[in-house]
Every structure is written in structure tokens, then in C-alpha cells.
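Just below is one structure, and these are the notes that go with it.
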Amino acid sequence: TSAAYSPPINSAVDENRRGLGLGHQLMSACVSNAIKGGFNSLHLDVRADNAAALALYRHHGFAQVAETIVPAAKWHTIHMVREGLSGEI
């Protein structure tokens, strides 16, 4: 049986190593491991001002499902999910 959600993805690429395709490698590995682990969905949060990460996640099939804005903390977070992993086996 498939679990509804995996633990949230939490990843980063060192700023000195960006642009080398490491983010794509990390996301591909996350998706592959989630499928092997029987998860149906992956989810993550990303800062709304992180355009490169948003583009990366969209490229890997994630869609925005919600956002959180906390003005006092100057937070603006986008919640993203990739559904239907169990059909990719």
C-alpha cells in the first residue's frame, strides 16, 4: 500500500555549487526513492522569493497547493506537492 505523504523534502545546494545540475540530481533521487518507498506524494515548502527553486520544483512536477504569509516574521512560503507517484512505478 502507498503512504499518502512522504516526510517533507528539505534540501539545499551550496551557493558555490549552484548551476551544476545538483538540484536536478537531488530532486530526481527524491522522486525515485519515494516511488521505491511506496509513497504516493511528495511535498515541500519553499520561500516565495526563491525563483530558481520554484522553477526547479515545477520542472520536476510539483504544483503549488497553498501559501503562508506571516508579515510579522517576513515569511512568504509556497507549499508544493507532487501527486501520483504510485502510477510511475
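Ligands are numbered from 1 in the order shown, chains are lettered A, B, ... in the order of the C-alpha cells, and residues start at 1 in each chain.
Every protein or nucleic acid residue with an atom no more than 12 Å from Ser32 (chain A), counting only C-alpha atoms and leaving out same-chain residues fewer than 2 positions away, appears here: Gln25, Leu26, Met27, Ser28, Ala29, Cys30, Ala34, Ile35, Lys36, Gly37, Gly38, Phe39, Asn40, Ser41, Leu42, His60, Leu85, Ser86, Glu88 and Ile89 of chain A.
By only C-alpha atoms, and with residues fewer than 2 positions from His79 (chain A) along its chain excluded, the set lying at most 8 Å from it is His43, Leu44, Asp45, Val46, Gln64, Val65, Ala66, Glu67, Thr68, Thr77 and Val81 of chain A.
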Serialized selection, N, CA and C atoms, as a PDB file, in the first residue's frame:
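Saved the output as selection15.pdb:
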```pdb
ATOM      1  N   HIS A  43       5.963  16.297  -0.791  1.00  0.00           N
ATOM      2  CA  HIS A  43       5.612  17.687  -0.517  1.00  0.00           C
ATOM      3  C   HIS A  43       6.801  18.430   0.047  1.00  0.00           C
ATOM      4  N   LEU A  44       6.767  19.757  -0.154  1.00  0.00           N
ATOM      5  CA  LEU A  44       7.852  20.606   0.310  1.00  0.00           C
ATOM      6  C   LEU A  44       7.351  22.029   0.457  1.00  0.00           C
ATOM      7  N   ASP A  45       8.121  22.827   1.142  1.00  0.00           N
ATOM      8  CA  ASP A  45       7.862  24.260   1.277  1.00  0.00           C
ATOM      9  C   ASP A  45       9.077  24.997   0.733  1.00  0.00           C
ATOM     10  N   VAL A  46       8.835  26.131   0.102  1.00  0.00           N
ATOM     11  CA  VAL A  46       9.917  26.929  -0.465  1.00  0.00           C
ATOM     12  C   VAL A  46       9.587  28.400  -0.277  1.00  0.00           C
ATOM     13  N   GLN A  64       1.980  24.187  -6.901  1.00  0.00           N
ATOM     14  CA  GLN A  64       1.642  24.955  -5.694  1.00  0.00           C
ATOM     15  C   GLN A  64       0.242  24.577  -5.247  1.00  0.00           C
ATOM     16  N   VAL A  65       0.107  24.298  -3.947  1.00  0.00           N
ATOM     17  CA  VAL A  65      -1.201  23.959  -3.397  1.00  0.00           C
ATOM     18  C   VAL A  65      -1.657  24.963  -2.349  1.00  0.00           C
ATOM     19  N   ALA A  66      -0.733  25.735  -1.808  1.00  0.00           N
ATOM     20  CA  ALA A  66      -1.095  26.725  -0.782  1.00  0.00           C
ATOM     21  C   ALA A  66       0.086  27.658  -0.574  1.00  0.00           C
ATOM     22  N   GLU A  67      -0.153  28.697   0.191  1.00  0.00           N
ATOM     23  CA  GLU A  67       0.940  29.578   0.603  1.00  0.00           C
ATOM     24  C   GLU A  67       0.644  30.119   1.987  1.00  0.00           C
ATOM     25  N   THR A  68       1.701  30.461   2.686  1.00  0.00           N
ATOM     26  CA  THR A  68       1.605  31.023   4.023  1.00  0.00           C
ATOM     27  C   THR A  68       2.338  32.355   4.019  1.00  0.00           C
ATOM     28  N   THR A  77       5.817  31.696   2.248  1.00  0.00           N
ATOM     29  CA  THR A  77       6.205  30.343   1.896  1.00  0.00           C
ATOM     30  C   THR A  77       5.180  29.730   0.949  1.00  0.00           C
ATOM     31  N   VAL A  81       3.302  20.246  -3.929  1.00  0.00           N
ATOM     32  CA  VAL A  81       3.085  18.806  -3.848  1.00  0.00           C
ATOM     33  C   VAL A  81       3.263  18.197  -5.234  1.00  0.00           C
TER      34      VAL A  81
END
```
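Among A:Ala48, A:Phe62, A:Gly23, A:Tyr57, the residue with the shortest atom-to-atom distance to Gly84 (chain A), counting only C-alpha atoms, is A:Phe62.
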- Task: Pull the strand (DSSP E or B) assignments for region 34-84 of chain A out of DSSP run on the backbone, and list those residues as an MDAnalysis selection string.
- Result: chainID A and resid 39 42:47 63:70 75:82
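When CA of Asp49 (chain A) is paired with CA of Leu20 (chain A), their separation reads 20.9 Å.
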- Query: Could you write out, as a ChimeraX atom specification, all the residues of chain A that DSSP marks as helix (DSSP H, G or I)?
  - Reply: /A:15-17,22-36,51-59,71-73,85-88
- Note on the structure: Correct to one decimal, the distance CA of Ser6 (chain A)-CA of Ala63 (chain A) is 15.7 Å
